[in-house]
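Here is the file work37.txt (compact mmCIF, N, CA and C atoms).
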# COMPACT_ATOMS: atom_id res chain seq x y z
N MET A 1469 0.84 -1.18 0.00
CA MET A 1469 0.00 0.00 0.00
C MET A 1469 0.89 1.24 0.00
N ARG A 1470 0.58 2.19 -0.87
CA ARG A 1470 1.34 3.43 -0.96
C ARG A 1470 0.61 4.52 -0.21
N CYS A 1471 1.36 5.31 0.48
CA CYS A 1471 0.79 6.41 1.25
C CYS A 1471 1.27 7.72 0.65
N SER A 1472 0.35 8.63 0.35
CA SER A 1472 0.75 9.91 -0.23
C SER A 1472 0.81 11.02 0.81
N ALA A 1473 0.53 10.70 2.05
CA ALA A 1473 0.60 11.70 3.11
C ALA A 1473 2.06 12.09 3.35
N PRO A 1474 2.30 13.33 3.74
CA PRO A 1474 3.68 13.75 3.96
C PRO A 1474 4.33 12.99 5.10
N LEU A 1475 5.59 12.65 4.92
CA LEU A 1475 6.35 12.05 6.01
C LEU A 1475 6.66 13.12 7.04
N LEU A 1476 6.99 14.29 6.53
CA LEU A 1476 7.37 15.38 7.41
C LEU A 1476 7.16 16.68 6.65
N SER A 1477 6.57 17.64 7.29
CA SER A 1477 6.34 18.92 6.66
C SER A 1477 6.51 19.99 7.72
N TYR A 1478 7.48 20.86 7.54
CA TYR A 1478 7.71 21.89 8.55
C TYR A 1478 8.45 23.07 7.95
N PRO A 1479 8.26 24.22 8.52
CA PRO A 1479 9.06 25.37 8.08
C PRO A 1479 10.34 25.47 8.91
N LEU A 1480 11.42 25.77 8.25
CA LEU A 1480 12.69 25.99 8.92
C LEU A 1480 12.86 27.49 9.08
N ASP A 1481 13.09 27.96 10.30
CA ASP A 1481 13.22 29.40 10.59
C ASP A 1481 14.70 29.75 10.64
N GLN A 1482 15.08 30.73 9.82
CA GLN A 1482 16.45 31.20 9.83
C GLN A 1482 16.45 32.70 9.59
N GLU A 1483 16.96 33.45 10.54
CA GLU A 1483 17.07 34.91 10.45
C GLU A 1483 15.74 35.58 10.10
N GLY A 1484 14.67 35.13 10.70
CA GLY A 1484 13.37 35.75 10.49
C GLY A 1484 12.67 35.35 9.22
N LYS A 1485 13.20 34.39 8.48
CA LYS A 1485 12.57 33.87 7.26
C LYS A 1485 12.16 32.43 7.50
N LEU A 1486 11.03 32.04 6.92
CA LEU A 1486 10.58 30.66 7.01
C LEU A 1486 10.85 29.97 5.67
N PHE A 1487 11.51 28.83 5.73
CA PHE A 1487 11.83 28.03 4.55
C PHE A 1487 11.04 26.72 4.64
N PRO A 1488 9.94 26.60 3.90
CA PRO A 1488 9.11 25.40 4.01
C PRO A 1488 9.78 24.19 3.38
N ILE A 1489 9.68 23.05 4.06
CA ILE A 1489 10.29 21.81 3.60
C ILE A 1489 9.25 20.69 3.69
N GLU A 1490 9.20 19.89 2.65
CA GLU A 1490 8.31 18.73 2.59
C GLU A 1490 9.21 17.55 2.22
N ILE A 1491 9.06 16.43 2.93
CA ILE A 1491 9.85 15.23 2.63
C ILE A 1491 8.90 14.15 2.14
N LYS A 1492 9.20 13.60 0.95
CA LYS A 1492 8.32 12.60 0.34
C LYS A 1492 9.13 11.41 -0.14
N LYS A 1493 8.48 10.24 -0.15
CA LYS A 1493 9.08 9.00 -0.66
C LYS A 1493 8.63 8.79 -2.10
N MET A 1494 9.02 9.68 -3.00
CA MET A 1494 8.68 9.53 -4.41
C MET A 1494 9.77 10.18 -5.24
N ALA A 1495 9.91 9.72 -6.48
CA ALA A 1495 10.95 10.24 -7.36
C ALA A 1495 10.48 11.43 -8.18
N ALA A 1496 9.18 11.54 -8.40
CA ALA A 1496 8.65 12.62 -9.23
C ALA A 1496 7.50 13.30 -8.49
N PRO A 1497 7.81 14.16 -7.53
CA PRO A 1497 6.75 14.81 -6.76
C PRO A 1497 5.97 15.81 -7.62
N PRO A 1498 4.65 15.88 -7.43
CA PRO A 1498 3.85 16.85 -8.17
C PRO A 1498 3.97 18.26 -7.57
N LYS A 1499 3.80 19.27 -8.41
CA LYS A 1499 3.90 20.66 -7.96
C LYS A 1499 2.87 20.99 -6.89
N LYS A 1500 1.73 20.29 -6.88
CA LYS A 1500 0.68 20.59 -5.91
C LYS A 1500 1.16 20.43 -4.46
N LEU A 1501 2.25 19.72 -4.26
CA LEU A 1501 2.80 19.58 -2.90
C LEU A 1501 3.23 20.93 -2.33
N THR A 1502 3.57 21.87 -3.19
CA THR A 1502 4.03 23.17 -2.72
C THR A 1502 2.88 24.09 -2.33
N LYS A 1503 1.63 23.68 -2.59
CA LYS A 1503 0.46 24.49 -2.23
C LYS A 1503 0.43 24.81 -0.74
N VAL A 1504 0.82 23.84 0.09
CA VAL A 1504 0.80 24.06 1.54
C VAL A 1504 1.80 25.12 1.97
N PHE A 1505 2.81 25.37 1.15
CA PHE A 1505 3.80 26.40 1.48
C PHE A 1505 3.17 27.79 1.49
N GLU A 1506 2.06 27.96 0.79
CA GLU A 1506 1.38 29.26 0.75
C GLU A 1506 0.83 29.68 2.10
N LEU A 1507 0.64 28.74 3.00
CA LEU A 1507 0.15 29.05 4.35
C LEU A 1507 1.12 29.98 5.08
N ILE A 1508 2.38 29.92 4.73
CA ILE A 1508 3.38 30.78 5.37
C ILE A 1508 3.10 32.25 5.07
N GLY A 1509 2.40 32.52 3.96
CA GLY A 1509 2.04 33.89 3.63
C GLY A 1509 1.18 34.55 4.68
N LYS A 1510 0.55 33.75 5.52
CA LYS A 1510 -0.28 34.27 6.60
C LYS A 1510 0.54 34.57 7.86
N SER A 1511 1.80 34.23 7.82
CA SER A 1511 2.70 34.45 8.94
C SER A 1511 3.29 35.86 8.86
N PRO A 1512 3.64 36.45 10.00
CA PRO A 1512 4.29 37.77 9.95
C PRO A 1512 5.74 37.68 9.44
N LEU A 1513 6.29 36.47 9.37
CA LEU A 1513 7.65 36.29 8.89
C LEU A 1513 7.69 36.17 7.36
N GLU A 1514 8.81 36.54 6.79
CA GLU A 1514 9.00 36.43 5.34
C GLU A 1514 9.22 34.97 4.95
N ARG A 1515 8.78 34.60 3.75
CA ARG A 1515 8.93 33.23 3.25
C ARG A 1515 10.18 33.14 2.38
N GLY A 1516 11.01 32.15 2.66
CA GLY A 1516 12.18 31.88 1.85
C GLY A 1516 11.87 30.81 0.81
N THR A 1517 12.88 30.30 0.16
CA THR A 1517 12.72 29.26 -0.84
C THR A 1517 12.24 27.97 -0.20
N GLY A 1518 11.24 27.35 -0.81
CA GLY A 1518 10.72 26.08 -0.33
C GLY A 1518 11.42 24.92 -1.01
N ALA A 1519 11.35 23.75 -0.40
CA ALA A 1519 12.00 22.57 -0.98
C ALA A 1519 11.17 21.32 -0.70
N VAL A 1520 11.11 20.45 -1.71
CA VAL A 1520 10.54 19.12 -1.54
C VAL A 1520 11.72 18.17 -1.64
N LEU A 1521 12.06 17.55 -0.51
CA LEU A 1521 13.13 16.54 -0.48
C LEU A 1521 12.51 15.22 -0.90
N CYS A 1522 13.12 14.55 -1.87
CA CYS A 1522 12.50 13.34 -2.40
C CYS A 1522 13.56 12.41 -3.00
N MET A 1523 13.09 11.39 -3.70
CA MET A 1523 13.96 10.38 -4.29
C MET A 1523 14.33 10.71 -5.74
N ALA A 1524 14.20 11.97 -6.15
CA ALA A 1524 14.54 12.38 -7.52
C ALA A 1524 16.02 12.10 -7.79
N ASP A 1525 16.35 11.97 -9.09
CA ASP A 1525 17.73 11.70 -9.48
C ASP A 1525 18.61 12.94 -9.50
N ARG A 1526 17.98 14.12 -9.72
CA ARG A 1526 18.77 15.34 -9.82
C ARG A 1526 18.01 16.54 -9.25
N LEU A 1527 18.76 17.57 -8.94
CA LEU A 1527 18.21 18.81 -8.42
C LEU A 1527 17.34 19.46 -9.50
N GLY A 1528 16.21 20.00 -9.10
CA GLY A 1528 15.31 20.66 -10.05
C GLY A 1528 14.51 21.73 -9.35
N ALA A 1529 13.55 22.29 -10.07
CA ALA A 1529 12.72 23.34 -9.49
C ALA A 1529 11.31 23.25 -10.06
N PHE A 1530 10.32 23.51 -9.20
CA PHE A 1530 8.94 23.64 -9.65
C PHE A 1530 8.75 25.01 -10.27
N ASP A 1531 9.36 26.02 -9.62
CA ASP A 1531 9.30 27.41 -10.06
C ASP A 1531 10.41 28.16 -9.32
N GLN A 1532 10.43 29.47 -9.41
CA GLN A 1532 11.53 30.24 -8.81
C GLN A 1532 11.54 30.22 -7.28
N ASP A 1533 10.44 29.79 -6.67
CA ASP A 1533 10.35 29.79 -5.20
C ASP A 1533 10.40 28.41 -4.56
N ASN A 1534 10.35 27.34 -5.37
CA ASN A 1534 10.24 25.98 -4.82
C ASN A 1534 11.14 25.00 -5.57
N LEU A 1535 12.00 24.33 -4.81
CA LEU A 1535 12.98 23.41 -5.39
C LEU A 1535 12.59 21.95 -5.21
N ILE A 1536 13.12 21.10 -6.08
CA ILE A 1536 13.06 19.64 -5.95
C ILE A 1536 14.46 19.22 -5.57
N VAL A 1537 14.64 18.68 -4.37
CA VAL A 1537 15.98 18.35 -3.87
C VAL A 1537 16.09 16.85 -3.62
N PRO A 1538 16.99 16.18 -4.33
CA PRO A 1538 17.20 14.75 -4.08
C PRO A 1538 17.74 14.53 -2.67
N ILE A 1539 17.19 13.58 -1.99
CA ILE A 1539 17.62 13.29 -0.62
C ILE A 1539 19.10 12.87 -0.60
N SER A 1540 19.59 12.35 -1.72
CA SER A 1540 20.99 11.93 -1.80
C SER A 1540 21.97 13.12 -1.72
N LEU A 1541 21.48 14.34 -1.90
CA LEU A 1541 22.36 15.52 -1.81
C LEU A 1541 22.63 15.94 -0.37
N ILE A 1542 21.85 15.42 0.58
CA ILE A 1542 22.09 15.83 1.97
C ILE A 1542 22.64 14.69 2.81
As structure tokens, what does this structure read like?
Amino acid sequence: MRCSAPLLSYPLDQEGKLFPIEIKKMAAPPKKLTKVFELIGKSPLERGTGAVLCMADRLGAFDQDNLIVPISLI
């Protein structure tokens, strides 16, 4: 059985900026995963670049604000 629920989803706070991170067990995450990052817009803190850590083969980007980061890079 495959589970599409996030393993871990949290914002990382650094110097007053929130950097949203989502960790998934998939190689090709859909862009819709970054929708939850928009919730940070309701925070008084500034939003930094978001990242979906996953099983992708290479570093990529959904758009200018959200990255696809292979777990093998960390």
(request) Give me, please, the distance in Å between atom CA of Leu1535 of chain A and atom N of Gly1484 of chain A, quoted to one decimal. (result)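 These atoms are spaced 20.0 Å apart.
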(request) Using atom C of Val1520 of chain A and atom N of Ile1536 of chain A as the two end points, give the distance in Å to one decimal. (result)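 Atom N of Ile1536 of chain A lies 5.5 Å from atom C of Val1520 of chain A.
What separates atom CA of Asp1531 of chain A from atom CA of Arg1515 of chain A is a distance of 14.5 Å.
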(message) Ranking A:Pro1512, A:Lys1499, A:Glu1506, A:Ile1542 by minimum distance to Phe1530 of chain A and counting only N, CA and C atoms, which one comes first?
(response)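 Among A:Pro1512, A:Lys1499, A:Glu1506, A:Ile1542, it is A:Lys1499 that comes nearest to Phe1530 of chain A.
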(message) From the options A:Leu1527, A:Lys1503, A:Cys1522, A:Lys1493, which residue's atoms come nearest to Ile1539 of chain A, counting only N, CA and C atoms?
(response)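 Once distances to Ile1539 of chain A are computed over only N, CA and C atoms, the minimum belongs to A:Cys1522.
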(message) According to DSSP computed on the backbone, where in chain A is there helix (DSSP H, G or I)? Give the residues as a list in words.
(response) Lys1499, Lys1500, Leu1501, Thr1502, Lys1503, Val1504, Phe1505, Glu1506, Leu1507, Ile1508, Gly1509, Lys1510, Ile1539, Ser1540 and Leu1541 of chain A
(request) Please return as a PyMOL selection string: the residues of segment 1479-1538 of chain A that backbone DSSP assigns to strand (DSSP E or B). (result) chain A and resi 1479-1482+1485-1491+1514-1515+1518-1522+1528-1531+1534-1538
(message) From (10.4, 37.7, 4.0), in the file's coordinates, out to 7 Å: which residues are reached, counting all atoms listed in the file? Answer as JSON, numbers by chain.
(response) {"A": [1484, 1485, 1486, 1513, 1514, 1515, 1516]}
For segment 1504-1515 of chain A, which lacks atoms in the input, supply all heavy atoms and format the output as a JSON list (two decimals), in the frame of the given file.
[["chain", "number", "residue", "atom", "x", "y", "z"],
["A", 1504, "VAL", "N", 0.82, 23.84, 0.09],
["A", 1504, "VAL", "CA", 0.80, 24.06, 1.54],
["A", 1504, "VAL", "C", 1.80, 25.12, 1.97],
["A", 1504, "VAL", "O", 1.63, 25.73, 3.02],
["A", 1504, "VAL", "CB", 1.05, 22.75, 2.33],
["A", 1504, "VAL", "CG1", -0.04, 21.74, 2.08],
["A", 1504, "VAL", "CG2", 2.40, 22.15, 2.01],
["A", 1505, "PHE", "N", 2.81, 25.37, 1.15],
["A", 1505, "PHE", "CA", 3.80, 26.40, 1.48],
["A", 1505, "PHE", "C", 3.17, 27.79, 1.49],
["A", 1505, "PHE", "O", 3.69, 28.71, 2.12],
["A", 1505, "PHE", "CB", 4.96, 26.38, 0.49],
["A", 1505, "PHE", "CG", 5.78, 25.10, 0.49],
["A", 1505, "PHE", "CD1", 6.70, 24.87, -0.51],
["A", 1505, "PHE", "CD2", 5.64, 24.14, 1.47],
["A", 1505, "PHE", "CE1", 7.46, 23.72, -0.53],
["A", 1505, "PHE", "CE2", 6.39, 22.98, 1.46],
["A", 1505, "PHE", "CZ", 7.31, 22.76, 0.45],
["A", 1506, "GLU", "N", 2.06, 27.96, 0.79],
["A", 1506, "GLU", "CA", 1.38, 29.26, 0.75],
["A", 1506, "GLU", "C", 0.83, 29.68, 2.10],
["A", 1506, "GLU", "O", 0.59, 30.86, 2.34],
["A", 1506, "GLU", "CB", 0.26, 29.23, -0.29],
["A", 1506, "GLU", "CG", 0.76, 29.07, -1.71],
["A", 1506, "GLU", "CD", -0.35, 28.88, -2.72],
["A", 1506, "GLU", "OE1", -1.54, 29.02, -2.34],
["A", 1506, "GLU", "OE2", -0.03, 28.60, -3.88],
["A", 1507, "LEU", "N", 0.64, 28.74, 3.00],
["A", 1507, "LEU", "CA", 0.15, 29.05, 4.35],
["A", 1507, "LEU", "C", 1.12, 29.98, 5.08],
["A", 1507, "LEU", "O", 0.71, 30.74, 5.95],
["A", 1507, "LEU", "CB", -0.06, 27.78, 5.16],
["A", 1507, "LEU", "CG", -1.17, 26.86, 4.67],
["A", 1507, "LEU", "CD1", -1.17, 25.57, 5.48],
["A", 1507, "LEU", "CD2", -2.50, 27.54, 4.74],
["A", 1508, "ILE", "N", 2.38, 29.92, 4.73],
["A", 1508, "ILE", "CA", 3.38, 30.78, 5.37],
["A", 1508, "ILE", "C", 3.10, 32.25, 5.07],
["A", 1508, "ILE", "O", 3.47, 33.13, 5.83],
["A", 1508, "ILE", "CB", 4.80, 30.36, 4.95],
["A", 1508, "ILE", "CG1", 5.10, 28.99, 5.54],
["A", 1508, "ILE", "CG2", 5.84, 31.37, 5.39],
["A", 1508, "ILE", "CD1", 6.41, 28.39, 5.14],
["A", 1509, "GLY", "N", 2.40, 32.52, 3.96],
["A", 1509, "GLY", "CA", 2.04, 33.89, 3.63],
["A", 1509, "GLY", "C", 1.18, 34.55, 4.68],
["A", 1509, "GLY", "O", 1.12, 35.77, 4.77],
["A", 1510, "LYS", "N", 0.55, 33.75, 5.52],
["A", 1510, "LYS", "CA", -0.28, 34.27, 6.60],
["A", 1510, "LYS", "C", 0.54, 34.57, 7.86],
["A", 1510, "LYS", "O", 0.03, 35.12, 8.82],
["A", 1510, "LYS", "CB", -1.39, 33.28, 6.93],
["A", 1510, "LYS", "CG", -2.34, 33.07, 5.76],
["A", 1510, "LYS", "CD", -3.40, 32.06, 6.07],
["A", 1510, "LYS", "CE", -4.29, 31.89, 4.85],
["A", 1510, "LYS", "NZ", -5.33, 30.91, 5.05],
["A", 1511, "SER", "N", 1.80, 34.23, 7.82],
["A", 1511, "SER", "CA", 2.70, 34.45, 8.94],
["A", 1511, "SER", "C", 3.29, 35.86, 8.86],
["A", 1511, "SER", "O", 3.47, 36.39, 7.77],
["A", 1511, "SER", "CB", 3.83, 33.42, 8.91],
["A", 1511, "SER", "OG", 4.86, 33.79, 9.78],
["A", 1512, "PRO", "N", 3.64, 36.45, 10.00],
["A", 1512, "PRO", "CA", 4.29, 37.77, 9.95],
["A", 1512, "PRO", "C", 5.74, 37.68, 9.44],
["A", 1512, "PRO", "O", 6.33, 38.69, 9.10],
["A", 1512, "PRO", "CB", 4.25, 38.24, 11.40],
["A", 1512, "PRO", "CG", 4.11, 37.00, 12.22],
["A", 1512, "PRO", "CD", 3.36, 36.02, 11.36],
["A", 1513, "LEU", "N", 6.29, 36.47, 9.37],
["A", 1513, "LEU", "CA", 7.65, 36.29, 8.89],
["A", 1513, "LEU", "C", 7.69, 36.17, 7.36],
["A", 1513, "LEU", "O", 6.74, 35.73, 6.74],
["A", 1513, "LEU", "CB", 8.28, 35.04, 9.51],
["A", 1513, "LEU", "CG", 8.42, 35.06, 11.02],
["A", 1513, "LEU", "CD1", 8.92, 33.71, 11.53],
["A", 1513, "LEU", "CD2", 9.36, 36.15, 11.47],
["A", 1514, "GLU", "N", 8.81, 36.54, 6.79],
["A", 1514, "GLU", "CA", 9.00, 36.43, 5.34],
["A", 1514, "GLU", "C", 9.22, 34.97, 4.95],
["A", 1514, "GLU", "O", 9.78, 34.19, 5.70],
["A", 1514, "GLU", "CB", 10.23, 37.25, 4.96],
["A", 1514, "GLU", "CG", 10.47, 37.37, 3.49],
["A", 1514, "GLU", "CD", 11.68, 38.24, 3.17],
["A", 1514, "GLU", "OE1", 12.17, 38.96, 4.06],
["A", 1514, "GLU", "OE2", 12.14, 38.17, 2.03],
["A", 1515, "ARG", "N", 8.78, 34.60, 3.75],
["A", 1515, "ARG", "CA", 8.93, 33.23, 3.25],
["A", 1515, "ARG", "C", 10.18, 33.14, 2.38],
["A", 1515, "ARG", "O", 10.39, 33.93, 1.48],
["A", 1515, "ARG", "CB", 7.72, 32.83, 2.42],
["A", 1515, "ARG", "CG", 7.81, 31.42, 1.86],
["A", 1515, "ARG", "CD", 6.76, 31.25, 0.76],
["A", 1515, "ARG", "NE", 6.63, 29.92, 0.26],
["A", 1515, "ARG", "CZ", 7.38, 29.40, -0.71],
["A", 1515, "ARG", "NH1", 8.34, 30.09, -1.25],
["A", 1515, "ARG", "NH2", 7.17, 28.17, -1.12]]
